[in-house]
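Beneath this line is the structure, given in structure tokens, with notes to follow.
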Amino acid sequence: MIGNVGTFCIPDGPCMIPVGFGLSAPSGVLMVGAALVLRDAVQEAFGSKWAFASVILGVIISYLLADPWIAFASLTAFALSELLDFAVYTYIREKGRALAVLMSGIVGAIADSAAFLYIAFGSFDYISGQIIGKLFFTVIVAALLQAKLSWQK
């Protein structure tokens, strides 16, 4: 996605999309944001072992679908961010699932953004847009989950 989808593409760099607040980010942020939230959902529905297996599967798919250097950066960032997301979600989830989704998503988005940008492009350009783009899904899902939990009371 990062090399082919976006409103504009940087020569020898990623294709970009607007993420709000006048910021742009590589288009892959949408998929990463979704992956962070989906990993939490897999853990909730099927348990920690399946969540960890989904991280491994995501790493393999990421590697198979991208340019070799981008794949390495993506694989490393994905593994790091998903494992941190897993750890934070697991630690916080008993305090509240919506809070766990939000906090693990924030940690995962920051880790993924920093690792990917540095490894893939040797810079932290667009890190703000990366984080905002990834958190888009996290904030929406956390808000919906909190609303659902509130209605169930």
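Identifiers in this document derive from the order of the structure tokens: chains are assigned A, B, ..., residues are numbered from 1 separately in each chain, and ligands are numbered from 1 in order of occurrence.
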- Would you list the contacts of Pro14 in chain A as a count of residues only, taking every protein, DNA or RNA residue within 7 Å and counting only C-alpha atoms, but skipping same-chain residues closer than 2 positions in sequence? 6
- Task: From chain A, collect each residue whose DSSP state is helix (DSSP H, G or I) and return the set as an MDAnalysis selection string.
- Result: chainID A and resid 29:46 48:65 68:95 97:121 127:152
- Message: I need the residues of chain A that end up classed as strand (DSSP E) by DSSP on the backbone, written out as a PyMOL selection string.
- Response: chain A and resi 8-9+15-20+23-26
Those selected residues, please, written with C-alpha atoms and delivered as a short mmCIF file (atom, residue, chain, number, x, y, z; two decimals), in the first residue's frame.
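So result_15.cif came out as:
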```cif
data_model
loop_
_atom_site.label_atom_id
_atom_site.label_comp_id
_atom_site.auth_asym_id
_atom_site.auth_seq_id
_atom_site.Cartn_x
_atom_site.Cartn_y
_atom_site.Cartn_z
CA PHE A 8 0.81 11.95 -3.81
CA CYS A 9 3.98 9.85 -3.87
CA CYS A 15 2.88 7.47 -1.11
CA MET A 16 1.18 9.87 1.26
CA ILE A 17 -2.37 10.53 2.47
CA PRO A 18 -3.77 13.44 4.47
CA VAL A 19 -4.54 12.49 8.10
CA GLY A 20 -5.90 15.79 9.37
CA LEU A 23 -0.48 16.54 8.30
CA SER A 24 0.26 13.74 5.88
CA ALA A 25 1.52 10.23 6.48
CA PRO A 26 2.53 7.19 4.46
#
```
- Find the spatial neighbours of Thr76 in chain A, counting only C-alpha atoms, within a cut-off of 12 Å - ignore same-chain residues fewer than 3 positions away - and output them as number ranges by chain. A: 55-56, 58-60, 62-63, 69-73, 79-83, 111-120
- Message: If we count only C-alpha atoms and set the cut-off at 6 Å, which residues sit around range 92-101 of chain A, ignoring sequence neighbours fewer than 4 positions away in its own chain? Please answer as a list of chain:residue names.
- Response: A:Gly105, A:Ala142, A:Leu145, A:Gln146
Quick one: write out the picked residues with C-alpha atoms as an mmCIF file, in the first residue's frame?
```cif
data_model
loop_
_atom_site.group_PDB
_atom_site.id
_atom_site.type_symbol
_atom_site.label_atom_id
_atom_site.label_comp_id
_atom_site.auth_asym_id
_atom_site.auth_seq_id
_atom_site.Cartn_x
_atom_site.Cartn_y
_atom_site.Cartn_z
ATOM 1 C CA GLY A 105 -3.028 1.621 20.614
ATOM 2 C CA ALA A 142 -12.095 2.744 22.160
ATOM 3 C CA LEU A 145 -16.325 0.105 23.167
ATOM 4 C CA GLN A 146 -16.751 2.550 26.042
#
```
